[in-house]
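Trainee: See start-v2.cif below, with mmCIF, C-alpha atoms.
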data_data
#
loop_
_atom_site.group_PDB
_atom_site.id
_atom_site.type_symbol
_atom_site.label_atom_id
_atom_site.label_comp_id
_atom_site.auth_asym_id
_atom_site.auth_seq_id
_atom_site.Cartn_x
_atom_site.Cartn_y
_atom_site.Cartn_z
ATOM 1 C CA MET A 229 197.627 -46.059 256.504
ATOM 2 C CA ARG A 230 201.330 -45.343 256.718
ATOM 3 C CA ARG A 231 202.884 -42.220 255.239
ATOM 4 C CA GLY A 232 204.505 -44.210 252.434
ATOM 5 C CA HIS A 233 201.080 -45.461 251.345
ATOM 6 C CA ALA A 234 199.611 -41.965 251.311
ATOM 7 C CA VAL A 235 202.452 -40.626 249.157
ATOM 8 C CA ALA A 236 202.150 -43.616 246.799
ATOM 9 C CA LEU A 237 198.385 -43.111 246.529
ATOM 10 C CA GLY A 238 198.879 -39.419 245.710
ATOM 11 C CA MET A 239 201.260 -40.375 242.918
ATOM 12 C CA VAL A 240 198.749 -42.916 241.620
ATOM 13 C CA PHE A 241 196.078 -40.200 241.257
ATOM 14 C CA ILE A 242 198.541 -37.905 239.470
ATOM 15 C CA LEU A 243 199.355 -40.767 237.089
ATOM 16 C CA ALA A 244 195.625 -41.395 236.544
ATOM 17 C CA ALA A 245 195.040 -37.743 235.604
ATOM 18 C CA LEU A 246 198.068 -37.582 233.293
ATOM 19 C CA ALA A 247 197.517 -40.920 231.527
ATOM 20 C CA PRO A 248 194.746 -39.737 229.130
ATOM 21 C CA ILE A 249 196.806 -36.659 228.244
ATOM 22 C CA LEU A 250 199.993 -38.618 227.542
ATOM 23 C CA ALA A 251 198.575 -41.867 226.140
ATOM 24 C CA SER A 252 198.948 -42.872 222.501
ATOM 25 C CA SER A 253 195.606 -43.130 220.716
ATOM 26 C CA ASN A 254 196.870 -45.788 218.304
ATOM 27 C CA PRO A 255 194.984 -49.096 218.470
ATOM 28 C CA ASP A 256 196.565 -51.497 220.943
ATOM 29 C CA GLY A 257 198.092 -54.899 220.166
ATOM 30 C CA LEU A 258 194.852 -56.890 220.425
ATOM 31 C CA GLU A 259 192.797 -54.305 218.512
ATOM 32 C CA LYS A 260 195.395 -54.087 215.746
ATOM 33 C CA THR A 261 195.559 -57.873 215.450
ATOM 34 C CA ALA A 262 191.748 -58.077 215.273
ATOM 35 C CA GLU A 263 191.726 -55.505 212.434
ATOM 36 C CA LYS A 264 193.751 -57.890 210.284
ATOM 37 C CA PHE A 265 191.307 -60.781 210.257
ATOM 38 C CA GLU A 266 188.012 -60.999 208.406
ATOM 39 C CA SER A 267 186.925 -63.618 210.959
ATOM 40 C CA ALA A 268 187.122 -61.053 213.767
ATOM 41 C CA GLN A 269 184.989 -58.372 212.081
ATOM 42 C CA GLY A 270 181.506 -57.671 213.416
ATOM 43 C CA ARG A 271 181.907 -60.095 216.315
ATOM 44 C CA GLU A 272 182.174 -57.593 219.125
ATOM 45 C CA VAL A 273 178.895 -57.028 220.928
ATOM 46 C CA GLU A 274 178.017 -54.675 223.742
ATOM 47 C CA LEU A 275 176.088 -56.527 226.424
ATOM 48 C CA LEU A 276 176.332 -53.949 229.187
ATOM 49 C CA SER A 277 175.680 -50.251 228.924
ATOM 50 C CA SER A 278 178.527 -49.068 231.085
ATOM 51 C CA PRO A 279 178.420 -45.724 232.891
ATOM 52 C CA PHE A 280 181.778 -44.585 231.462
ATOM 53 C CA PRO A 281 182.136 -46.112 227.981
ATOM 54 C CA ASP A 282 185.670 -45.780 226.559
ATOM 55 C CA TYR A 283 186.755 -43.994 229.739
ATOM 56 C CA THR A 284 184.583 -40.928 229.171
ATOM 57 C CA VAL A 285 182.024 -39.162 231.342
ATOM 58 C CA TYR A 286 178.733 -38.152 229.764
ATOM 59 C CA GLY A 287 178.359 -34.377 229.493
ATOM 60 C CA ILE A 288 182.065 -33.553 229.585
ATOM 61 C CA GLU A 289 183.951 -32.973 226.348
ATOM 62 C CA GLY A 290 187.372 -34.027 225.145
ATOM 63 C CA THR A 291 190.371 -34.979 227.235
ATOM 64 C CA ALA A 292 188.819 -33.540 230.405
ATOM 65 C CA SER A 293 186.168 -36.246 230.154
ATOM 66 C CA GLU A 294 188.828 -38.953 230.153
ATOM 67 C CA VAL A 295 190.724 -37.362 233.022
ATOM 68 C CA VAL A 296 187.582 -37.273 235.183
ATOM 69 C CA ALA A 297 186.705 -40.861 234.205
ATOM 70 C CA MET A 298 190.201 -42.024 235.159
ATOM 71 C CA LEU A 299 190.056 -40.270 238.526
ATOM 72 C CA ILE A 300 186.642 -41.830 239.251
ATOM 73 C CA GLY A 301 187.887 -45.245 238.109
ATOM 74 C CA THR A 302 191.034 -45.061 240.204
ATOM 75 C CA ALA A 303 189.038 -44.121 243.312
ATOM 76 C CA LEU A 304 186.589 -46.927 242.526
ATOM 77 C CA VAL A 305 189.322 -49.556 242.131
ATOM 78 C CA PHE A 306 190.925 -48.372 245.371
ATOM 79 C CA ALA A 307 187.626 -48.512 247.275
ATOM 80 C CA VAL A 308 186.533 -51.888 245.893
ATOM 81 C CA SER A 309 189.969 -53.461 246.508
ATOM 82 C CA LEU A 310 190.161 -52.043 250.008
ATOM 83 C CA GLY A 311 186.645 -53.256 250.828
ATOM 84 C CA ILE A 312 187.206 -56.766 249.481
ATOM 85 C CA ALA A 313 190.670 -57.137 251.018
ATOM 86 C CA LYS A 314 189.436 -55.946 254.424
ATOM 87 C CA ALA A 315 186.387 -58.204 254.315
ATOM 88 C CA VAL A 316 188.489 -61.202 253.266
ATOM 89 C CA ALA A 317 191.171 -60.517 255.886
ATOM 90 C CA ARG A 318 188.529 -60.124 258.591
ATOM 91 C CA ALA A 319 187.040 -63.514 257.703
ATOM 92 C CA ARG A 320 190.128 -65.156 259.169
ATOM 93 C CA MET B 222 191.398 -53.096 224.989
ATOM 94 C CA HIS B 223 190.827 -56.490 226.599
ATOM 95 C CA ILE B 224 188.900 -59.320 224.922
ATOM 96 C CA PRO B 225 185.377 -57.928 224.244
ATOM 97 C CA ASP B 226 182.054 -59.787 224.448
ATOM 98 C CA GLY B 227 181.392 -61.735 221.263
ATOM 99 C CA PHE B 228 184.988 -62.759 220.594
ATOM 100 C CA ILE B 229 184.607 -66.055 222.489
ATOM 101 C CA PRO B 230 181.453 -68.246 222.314
ATOM 102 C CA LEU B 231 179.534 -68.534 225.592
ATOM 103 C CA GLY B 232 180.343 -72.221 226.221
ATOM 104 C CA GLN B 233 184.084 -71.673 225.929
ATOM 105 C CA ALA B 234 183.871 -68.436 227.895
ATOM 106 C CA ALA B 235 182.124 -70.343 230.697
ATOM 107 C CA VAL B 236 185.044 -72.791 230.900
ATOM 108 C CA TYR B 237 187.547 -69.924 231.208
ATOM 109 C CA SER B 238 185.313 -68.263 233.816
ATOM 110 C CA ALA B 239 185.206 -71.453 235.906
ATOM 111 C CA VAL B 240 189.002 -71.793 235.833
ATOM 112 C CA ALA B 241 189.475 -68.076 236.569
ATOM 113 C CA LEU B 242 187.043 -68.324 239.496
ATOM 114 C CA LEU B 243 189.117 -71.112 241.068
ATOM 115 C CA PHE B 244 192.253 -69.006 240.834
ATOM 116 C CA ALA B 245 190.491 -65.846 242.071
ATOM 117 C CA ALA B 246 189.122 -67.781 245.056
ATOM 118 C CA ARG B 247 192.589 -69.109 245.847
ATOM 119 C CA SER B 248 193.955 -65.555 245.710
ATOM 120 C CA PHE B 249 191.319 -64.537 248.294
ATOM 121 C CA LYS B 250 192.669 -67.316 250.483
ATOM 122 C CA TRP B 251 196.156 -65.842 250.082
ATOM 123 C CA VAL B 252 194.877 -62.441 251.234
ATOM 124 C CA ARG B 253 193.089 -64.022 254.196
ATOM 125 C CA GLU B 254 195.895 -66.275 255.383
ATOM 126 C CA GLU B 255 199.122 -64.678 254.258
ATOM 127 C CA PHE B 256 198.563 -61.056 253.429
ATOM 128 C CA GLY B 257 196.280 -58.749 255.366
ATOM 129 C CA GLU B 258 197.644 -55.387 254.241
ATOM 130 C CA ALA B 259 194.468 -54.091 252.628
ATOM 131 C CA PRO B 260 195.642 -50.460 252.068
ATOM 132 C CA LEU B 261 198.775 -51.610 250.243
ATOM 133 C CA LEU B 262 196.797 -54.010 248.031
ATOM 134 C CA ALA B 263 194.274 -51.274 247.238
ATOM 135 C CA THR B 264 196.968 -48.702 246.430
ATOM 136 C CA LEU B 265 198.689 -51.138 244.105
ATOM 137 C CA ALA B 266 195.364 -52.028 242.444
ATOM 138 C CA ALA B 267 194.572 -48.334 241.876
ATOM 139 C CA GLY B 268 198.064 -47.782 240.458
ATOM 140 C CA ILE B 269 197.715 -50.714 238.069
ATOM 141 C CA PHE B 270 194.322 -49.421 236.911
ATOM 142 C CA ALA B 271 195.865 -46.001 236.267
ATOM 143 C CA ILE B 272 198.947 -47.258 234.452
ATOM 144 C CA GLN B 273 196.834 -49.469 232.185
ATOM 145 C CA ALA B 274 195.485 -46.261 230.637
ATOM 146 C CA LEU B 275 198.967 -45.125 229.642
ATOM 147 C CA ASN B 276 199.256 -46.464 226.105
ATOM 148 C CA VAL B 277 202.768 -46.225 224.748
ATOM 149 C CA PRO B 278 203.217 -45.994 220.959
ATOM 150 C CA ILE B 279 205.081 -48.821 219.226
ATOM 151 C CA PRO B 280 205.875 -49.276 215.491
ATOM 152 C CA TRP B 281 203.206 -50.358 212.963
ATOM 153 C CA GLY B 282 200.787 -47.602 214.088
ATOM 154 C CA THR B 283 200.061 -49.600 217.208
ATOM 155 C CA SER B 284 200.278 -48.994 220.945
ATOM 156 C CA GLY B 285 200.233 -50.961 224.135
ATOM 157 C CA HIS B 286 200.056 -50.588 227.865
ATOM 158 C CA MET B 287 201.402 -52.266 230.928
ATOM 159 C CA THR B 288 199.142 -54.860 232.599
ATOM 160 C CA GLY B 289 200.794 -55.047 236.029
ATOM 161 C CA GLY B 290 200.309 -58.598 237.342
ATOM 162 C CA VAL B 291 204.033 -59.325 237.444
ATOM 163 C CA LEU B 292 204.714 -55.986 239.164
ATOM 164 C CA ALA B 293 202.214 -56.834 241.914
ATOM 165 C CA ALA B 294 203.661 -60.338 242.288
ATOM 166 C CA ILE B 295 207.257 -59.091 242.607
ATOM 167 C CA LEU B 296 206.406 -56.241 245.011
ATOM 168 C CA LEU B 297 204.265 -58.380 247.304
ATOM 169 C CA GLY B 298 206.253 -61.584 246.935
ATOM 170 C CA SER B 299 203.551 -63.850 245.512
ATOM 171 C CA PRO B 300 201.862 -64.455 242.151
ATOM 172 C CA TRP B 301 198.549 -64.556 244.059
ATOM 173 C CA ALA B 302 198.905 -60.800 244.556
ATOM 174 C CA GLY B 303 198.746 -60.395 240.771
ATOM 175 C CA VAL B 304 195.729 -62.689 240.512
ATOM 176 C CA PHE B 305 193.837 -60.859 243.292
ATOM 177 C CA ILE B 306 194.556 -57.347 242.041
ATOM 178 C CA LEU B 307 193.983 -58.031 238.340
ATOM 179 C CA SER B 308 190.700 -59.829 239.091
ATOM 180 C CA ILE B 309 189.386 -56.657 240.728
ATOM 181 C CA VAL B 310 190.849 -54.258 238.148
ATOM 182 C CA LEU B 311 189.410 -56.281 235.241
ATOM 183 C CA LEU B 312 186.026 -56.561 236.980
ATOM 184 C CA VAL B 313 185.792 -52.772 237.441
ATOM 185 C CA GLN B 314 186.973 -52.169 233.850
ATOM 186 C CA ALA B 315 184.348 -54.556 232.452
ATOM 187 C CA LEU B 316 181.448 -53.272 234.590
ATOM 188 C CA PHE B 317 182.099 -49.528 234.482
ATOM 189 C CA PHE B 318 184.248 -48.760 231.445
ATOM 190 C CA ALA B 319 183.227 -51.284 228.762
ATOM 191 C CA ASP B 320 186.887 -52.340 228.656
ATOM 192 C CA GLY B 321 186.795 -56.116 228.277
ATOM 193 C CA GLY B 322 183.538 -58.063 228.036
ATOM 194 C CA ILE B 323 181.516 -59.431 230.933
ATOM 195 C CA THR B 324 181.071 -62.947 229.486
ATOM 196 C CA VAL B 325 184.813 -63.096 228.767
ATOM 197 C CA LEU B 326 185.870 -61.618 232.116
ATOM 198 C CA GLY B 327 187.140 -65.063 233.110
ATOM 199 C CA ALA B 328 189.299 -65.333 229.985
ATOM 200 C CA ASN B 329 190.770 -61.884 230.621
ATOM 201 C CA ILE B 330 191.464 -62.732 234.282
ATOM 202 C CA LEU B 331 193.024 -66.034 233.238
ATOM 203 C CA ASN B 332 195.373 -64.369 230.724
ATOM 204 C CA ILE B 333 196.256 -61.042 232.339
ATOM 205 C CA GLY B 334 195.865 -62.076 235.972
ATOM 206 C CA VAL B 335 196.827 -65.743 236.245
ATOM 207 C CA ILE B 336 199.065 -66.707 233.303
ATOM 208 C CA SER B 337 200.953 -63.414 233.245
ATOM 209 C CA SER B 338 201.528 -63.275 237.018
ATOM 210 C CA PHE B 339 202.701 -66.884 237.343
ATOM 211 C CA ALA B 340 204.842 -67.009 234.183
ATOM 212 C CA GLY B 341 206.408 -63.644 234.969
ATOM 213 C CA TYR B 342 206.969 -64.131 238.682
ATOM 214 C CA TYR B 343 208.686 -67.509 238.315
ATOM 215 C CA THR B 344 210.849 -66.143 235.501
ATOM 216 C CA TYR B 345 211.815 -63.333 237.874
ATOM 217 C CA LEU B 346 212.672 -65.777 240.677
ATOM 218 C CA ALA B 347 214.731 -67.977 238.336
ATOM 219 C CA LEU B 348 216.785 -65.041 237.054
ATOM 220 C CA LYS B 349 217.105 -62.857 240.148
ATOM 221 C CA ARG B 350 220.378 -64.268 241.503
ATOM 222 C CA ARG B 351 222.055 -64.292 238.137
ATOM 223 C CA VAL B 352 221.075 -60.940 236.654
ATOM 224 C CA GLY B 353 219.931 -58.899 239.661
ATOM 225 C CA ILE B 354 216.555 -57.461 240.622
ATOM 226 C CA ALA B 355 216.246 -54.880 237.833
ATOM 227 C CA GLY B 356 217.133 -57.299 235.028
ATOM 228 C CA ALA B 357 214.984 -60.094 236.457
ATOM 229 C CA SER B 358 212.005 -57.718 236.886
ATOM 230 C CA PHE B 359 212.369 -56.578 233.286
ATOM 231 C CA ALA B 360 212.640 -60.123 231.907
ATOM 232 C CA GLY B 361 209.862 -61.495 234.111
ATOM 233 C CA ALA B 362 207.446 -58.705 233.177
ATOM 234 C CA TRP B 363 208.302 -59.074 229.482
ATOM 235 C CA PHE B 364 207.742 -62.823 229.533
ATOM 236 C CA GLY B 365 204.528 -62.516 231.554
ATOM 237 C CA LEU B 366 203.021 -60.128 229.007
ATOM 238 C CA VAL B 367 204.057 -62.222 226.007
ATOM 239 C CA ALA B 368 202.730 -65.404 227.658
ATOM 240 C CA ALA B 369 199.370 -63.683 228.259
ATOM 241 C CA ALA B 370 199.238 -62.440 224.644
ATOM 242 C CA LEU B 371 199.969 -65.902 223.239
ATOM 243 C CA ALA B 372 197.359 -67.491 225.518
ATOM 244 C CA THR B 373 194.843 -64.914 224.252
ATOM 245 C CA ALA B 374 195.749 -65.793 220.646
ATOM 246 C CA VAL B 375 195.194 -69.513 221.321
ATOM 247 C CA GLU B 376 191.810 -68.875 222.986
ATOM 248 C CA LEU B 377 190.708 -66.641 220.110
ATOM 249 C CA ALA B 378 191.844 -69.306 217.631
ATOM 250 C CA ILE B 379 189.787 -71.963 219.440
ATOM 251 C CA ALA B 380 186.897 -69.484 219.297
ATOM 252 C CA GLY B 381 187.343 -69.121 215.532
ATOM 253 C CA THR B 382 187.929 -65.378 215.846
ATOM 254 C CA PHE B 383 191.636 -65.360 214.904
ATOM 255 C CA PRO B 384 193.491 -67.810 212.648
ATOM 256 C CA LEU B 385 195.950 -69.700 214.883
ATOM 257 C CA ARG B 386 199.315 -69.091 213.211
ATOM 258 C CA GLU B 387 198.799 -65.481 212.194
ATOM 259 C CA GLY B 388 197.082 -64.714 215.487
ATOM 260 C CA LEU B 389 200.074 -66.039 217.428
ATOM 261 C CA LEU B 390 202.451 -64.193 215.110
ATOM 262 C CA PHE B 391 200.836 -60.743 215.385
ATOM 263 C CA MET B 392 199.850 -60.984 219.063
ATOM 264 C CA GLY B 393 203.353 -62.231 219.852
ATOM 265 C CA MET B 394 205.084 -59.591 217.751
ATOM 266 C CA TYR B 395 203.136 -56.593 219.087
ATOM 267 C CA HIS B 396 203.331 -57.711 222.699
ATOM 268 C CA ALA B 397 207.029 -58.579 222.467
ATOM 269 C CA VAL B 398 207.613 -54.899 221.682
ATOM 270 C CA ILE B 399 205.025 -53.649 224.213
ATOM 271 C CA GLY B 400 206.795 -55.875 226.750
ATOM 272 C CA LEU B 401 210.076 -54.095 226.061
ATOM 273 C CA VAL B 402 208.912 -50.472 226.020
ATOM 274 C CA ALA B 403 206.075 -50.662 228.581
ATOM 275 C CA GLU B 404 205.718 -53.755 230.792
ATOM 276 C CA GLY B 405 209.405 -54.640 231.218
ATOM 277 C CA THR B 406 210.762 -51.118 231.514
ATOM 278 C CA LEU B 407 208.053 -49.795 233.840
ATOM 279 C CA THR B 408 208.066 -52.887 236.059
ATOM 280 C CA ALA B 409 211.854 -52.723 236.511
ATOM 281 C CA LEU B 410 211.615 -48.964 237.120
ATOM 282 C CA VAL B 411 208.864 -49.220 239.754
ATOM 283 C CA VAL B 412 210.442 -52.190 241.553
ATOM 284 C CA THR B 413 213.891 -50.583 241.804
ATOM 285 C CA THR B 414 212.414 -47.196 242.769
ATOM 286 C CA VAL B 415 210.239 -48.630 245.555
ATOM 287 C CA LEU B 416 213.198 -50.626 246.904
ATOM 288 C CA LYS B 417 215.439 -47.586 246.865
ATOM 289 C CA VAL B 418 213.042 -44.881 248.052
ATOM 290 C CA SER B 419 210.799 -46.672 250.532
ATOM 291 C CA PRO B 420 211.292 -50.417 250.973
ATOM 292 C CA GLU B 421 209.454 -50.116 254.294
ATOM 293 C CA ILE B 422 206.072 -49.856 252.566
ATOM 294 C CA LEU B 423 206.520 -53.453 251.431
ATOM 295 C CA PRO B 424 205.600 -56.235 253.852
ATOM 296 C CA ALA B 425 208.539 -58.020 255.481
ATOM 297 C CA ARG B 426 208.024 -61.262 253.603
ATOM 298 C CA ALA B 427 207.970 -59.522 250.238
ATOM 299 C CA ARG B 428 211.180 -57.669 251.102
ATOM 300 C CA GLU B 429 212.918 -60.991 251.709
ATOM 301 C CA VAL B 430 211.697 -62.442 248.427
ATOM 302 C CA VAL B 431 212.556 -59.302 246.472
#
Hey, can you dump this file as structure tokens for me?
Mentor:
Amino acid sequence: MRRGHAVALGMVFILAALAPILASSNPDGLEKTAEKFESAQGREVELLSSPFPDYTVYGIEGTASEVVAMLIGTALVFAVSLGIAKAVARAR
Amino acid sequence: MHIPDGFIPLGQAAVYSAVALLFAARSFKWVREEFGEAPLLATLAAGIFAIQALNVPIPWGTSGHMTGGVLAAILLGSPWAGVFILSIVLLVQALFFADGGITVLGANILNIGVISSFAGYYTYLALKRRVGIAGASFAGAWFGLVAAALATAVELAIAGTFPLREGLLFMGMYHAVIGLVAEGTLTALVVTTVLKVSPEILPARAREVV
């Protein structure tokens, strides 16, 4: 990994930690649109019990919970992407 | 929030999943044959995951976040980069964070990965000579996000979850603003910053295309 990558990755983790602190908690565009329509109410179902629902970690309170969840998620996305990309590239 | 489970009936969701799978598979082929820089792909994927959590407030008590497919496509010089990265980001979000449903993962990949990346990247290419890299990145990212939002509205109308006209109107309106304050601005900012500060982290082919 070149130095540029390492610096970029460091900045990514800083962004991941700051995002829950800085983010607006207003509903997003899709959520807000769904609120407007009777036909969308009560449709959402939860099929999977995810380990970090709504980007929180069980047992940790408040914003800290979201920060930890984001750091875990960012590491996870990095690891999964790296693994898949390496495996795919090796299959050449 | 991405489309949750329950918003699209299983039969329709299966069609979107099949189409998304074809595109995801083709993006794997791009990684295998044209782009082997795994650490760069992974860094960009992690960055897009992180920035998707940064909701920016917009009027009407609403917010929105960047999605990142167009950014990946511009930086790496191919819309397949956006498809590959967003497929993985959306998969992790659905499996681990309950953000976006599992049955509708294909629909989310189709909208945010495929439609956004292709619509945005080709808009960028068409405009680049005329308005420069920053302006073309902004416009491409804006259009990619709006195209994805309108596609989502159409799918949810077919599903019977949103009425067609009002769904298009509100999804279009919110995401037109989100595209200005988040997707367009941040994409132009990241692209110009990377080019200025460290263009060498980009692969040679992407540097030519940028």
Trainee: My list of candidates is A:Pro255, A:Gly270, A:Pro248, A:Gly238. Which is closest to A:Val296 when distances are computed with all atoms listed in the file?
Mentor: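 Closest candidate: A:Pro248.
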Trainee: When the PyMOL selection byres ((chain A) within 8 of (chain B)) is applied to the structure above, which residues does it catch, written out as a PyMOL selection string?
Mentor: chain A and resi 229-230+232-233+236-237+240-241+243-244+247-248+250-262+265+267-268+271-283+298+301-310+313-314+316-320
Trainee: Calculate how many Å separate atom CA of B:Ala245 from atom CA of B:Glu429, rounding to one decimal.
Mentor: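 For atom CA of B:Ala245 relative to atom CA of B:Glu429, the distance reads 24.9 Å.
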Trainee: Please enclose the listed atoms of stretch 242-250 of chain A in an axis-aligned box, pad each side by 5 Å, and write out the centre and the three edge lengths in Å, rounded to one decimal, as JSON.
Mentor:
{"center_x": 197.4, "center_y": -39.0, "center_z": 233.5, "size_x": 15.2, "size_y": 14.7, "size_z": 21.9}
Trainee: What is the distance between atom CA of B:Gly298 and atom CA of B:Ser358, in Å to one decimal?
Mentor: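 Computing it gives 12.2 Å between the two atoms.
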Trainee: Just give me the gap between atom CA of B:Ala340 and atom CA of B:Arg428 in Å, one decimal is fine.
Mentor: 20.3 Å
Trainee: Please provide as a list in words all residues within 9 Å of A:Ile249, with the sequence filter that same-chain residues fewer than 6 positions apart are discarded (counting all atoms listed in the file).
Mentor: Thr291, Ala292, Glu294 and Val295 of chain A; Leu275 of chain B
Trainee: Which residues match the PyMOL selection byres ((chain B and resi 357) around 12) in the file above, as a ChimeraX atom specification?
Mentor: /B:291-292,295,341-356,358-365,405-406,408-410,412-413,431
Trainee: Find the spatial neighbours of B:Ala293, counting only C-alpha atoms, within a cut-off of 6 Å - ignore same-chain residues fewer than 4 positions away - and output them as a VMD selection string.
Mentor: chain B and resid 297 302 to 303
Trainee: Just so I have it separately, write stretch 349-369 of chain B from the block I sent, keeping N, CA and C atoms, as a CSV table (one decimal), in the first residue's frame.
Mentor:
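Result file is part.csv:
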chain,number,residue,atom,x,y,z
B,349,LYS,N,-17.0,17.6,-19.6
B,349,LYS,CA,-15.7,17.9,-19.1
B,349,LYS,C,-14.9,18.9,-19.9
B,350,ARG,N,-14.9,18.7,-21.2
B,350,ARG,CA,-14.2,19.7,-22.1
B,350,ARG,C,-14.8,21.1,-22.0
B,351,ARG,N,-16.1,21.1,-21.9
B,351,ARG,CA,-16.7,22.5,-22.0
B,351,ARG,C,-16.6,23.2,-20.7
B,352,VAL,N,-16.9,22.5,-19.6
B,352,VAL,CA,-17.0,23.3,-18.3
B,352,VAL,C,-15.9,23.0,-17.3
B,353,GLY,N,-14.9,22.1,-17.7
B,353,GLY,CA,-13.8,21.8,-16.8
B,353,GLY,C,-14.2,20.6,-15.8
B,354,ILE,N,-13.2,20.1,-15.1
B,354,ILE,CA,-13.3,18.9,-14.3
B,354,ILE,C,-14.3,19.2,-13.1
B,355,ALA,N,-14.1,20.4,-12.4
B,355,ALA,CA,-14.9,20.6,-11.2
B,355,ALA,C,-16.4,20.7,-11.6
B,356,GLY,N,-16.7,21.5,-12.6
B,356,GLY,CA,-18.1,21.7,-13.0
B,356,GLY,C,-18.7,20.5,-13.5
B,357,ALA,N,-17.9,19.7,-14.3
B,357,ALA,CA,-18.5,18.4,-14.8
B,357,ALA,C,-18.7,17.4,-13.7
B,358,SER,N,-17.8,17.4,-12.7
B,358,SER,CA,-18.0,16.5,-11.6
B,358,SER,C,-19.2,16.8,-10.8
B,359,PHE,N,-19.4,18.1,-10.6
B,359,PHE,CA,-20.6,18.6,-9.9
B,359,PHE,C,-21.9,18.2,-10.6
B,360,ALA,N,-21.9,18.5,-11.9
B,360,ALA,CA,-23.1,18.2,-12.7
B,360,ALA,C,-23.4,16.7,-12.8
B,361,GLY,N,-22.3,16.0,-13.1
B,361,GLY,CA,-22.4,14.5,-13.2
B,361,GLY,C,-23.0,13.9,-11.9
B,362,ALA,N,-22.4,14.3,-10.8
B,362,ALA,CA,-22.8,13.7,-9.5
B,362,ALA,C,-24.3,14.1,-9.2
B,363,TRP,N,-24.6,15.4,-9.5
B,363,TRP,CA,-26.0,15.8,-9.3
B,363,TRP,C,-27.0,15.0,-10.1
B,364,PHE,N,-26.7,14.9,-11.4
B,364,PHE,CA,-27.6,14.1,-12.3
B,364,PHE,C,-27.7,12.6,-11.9
B,365,GLY,N,-26.5,12.1,-11.5
B,365,GLY,CA,-26.5,10.7,-11.1
B,365,GLY,C,-27.5,10.4,-9.9
B,366,LEU,N,-27.4,11.3,-9.0
B,366,LEU,CA,-28.3,11.2,-7.8
B,366,LEU,C,-29.7,11.3,-8.1
B,367,VAL,N,-30.0,12.3,-8.9
B,367,VAL,CA,-31.4,12.6,-9.3
B,367,VAL,C,-32.0,11.4,-10.1
B,368,ALA,N,-31.1,10.9,-11.1
B,368,ALA,CA,-31.6,9.8,-11.9
B,368,ALA,C,-31.9,8.6,-11.0
B,369,ALA,N,-31.0,8.3,-10.0
B,369,ALA,CA,-31.3,7.2,-9.1
B,369,ALA,C,-32.6,7.4,-8.3
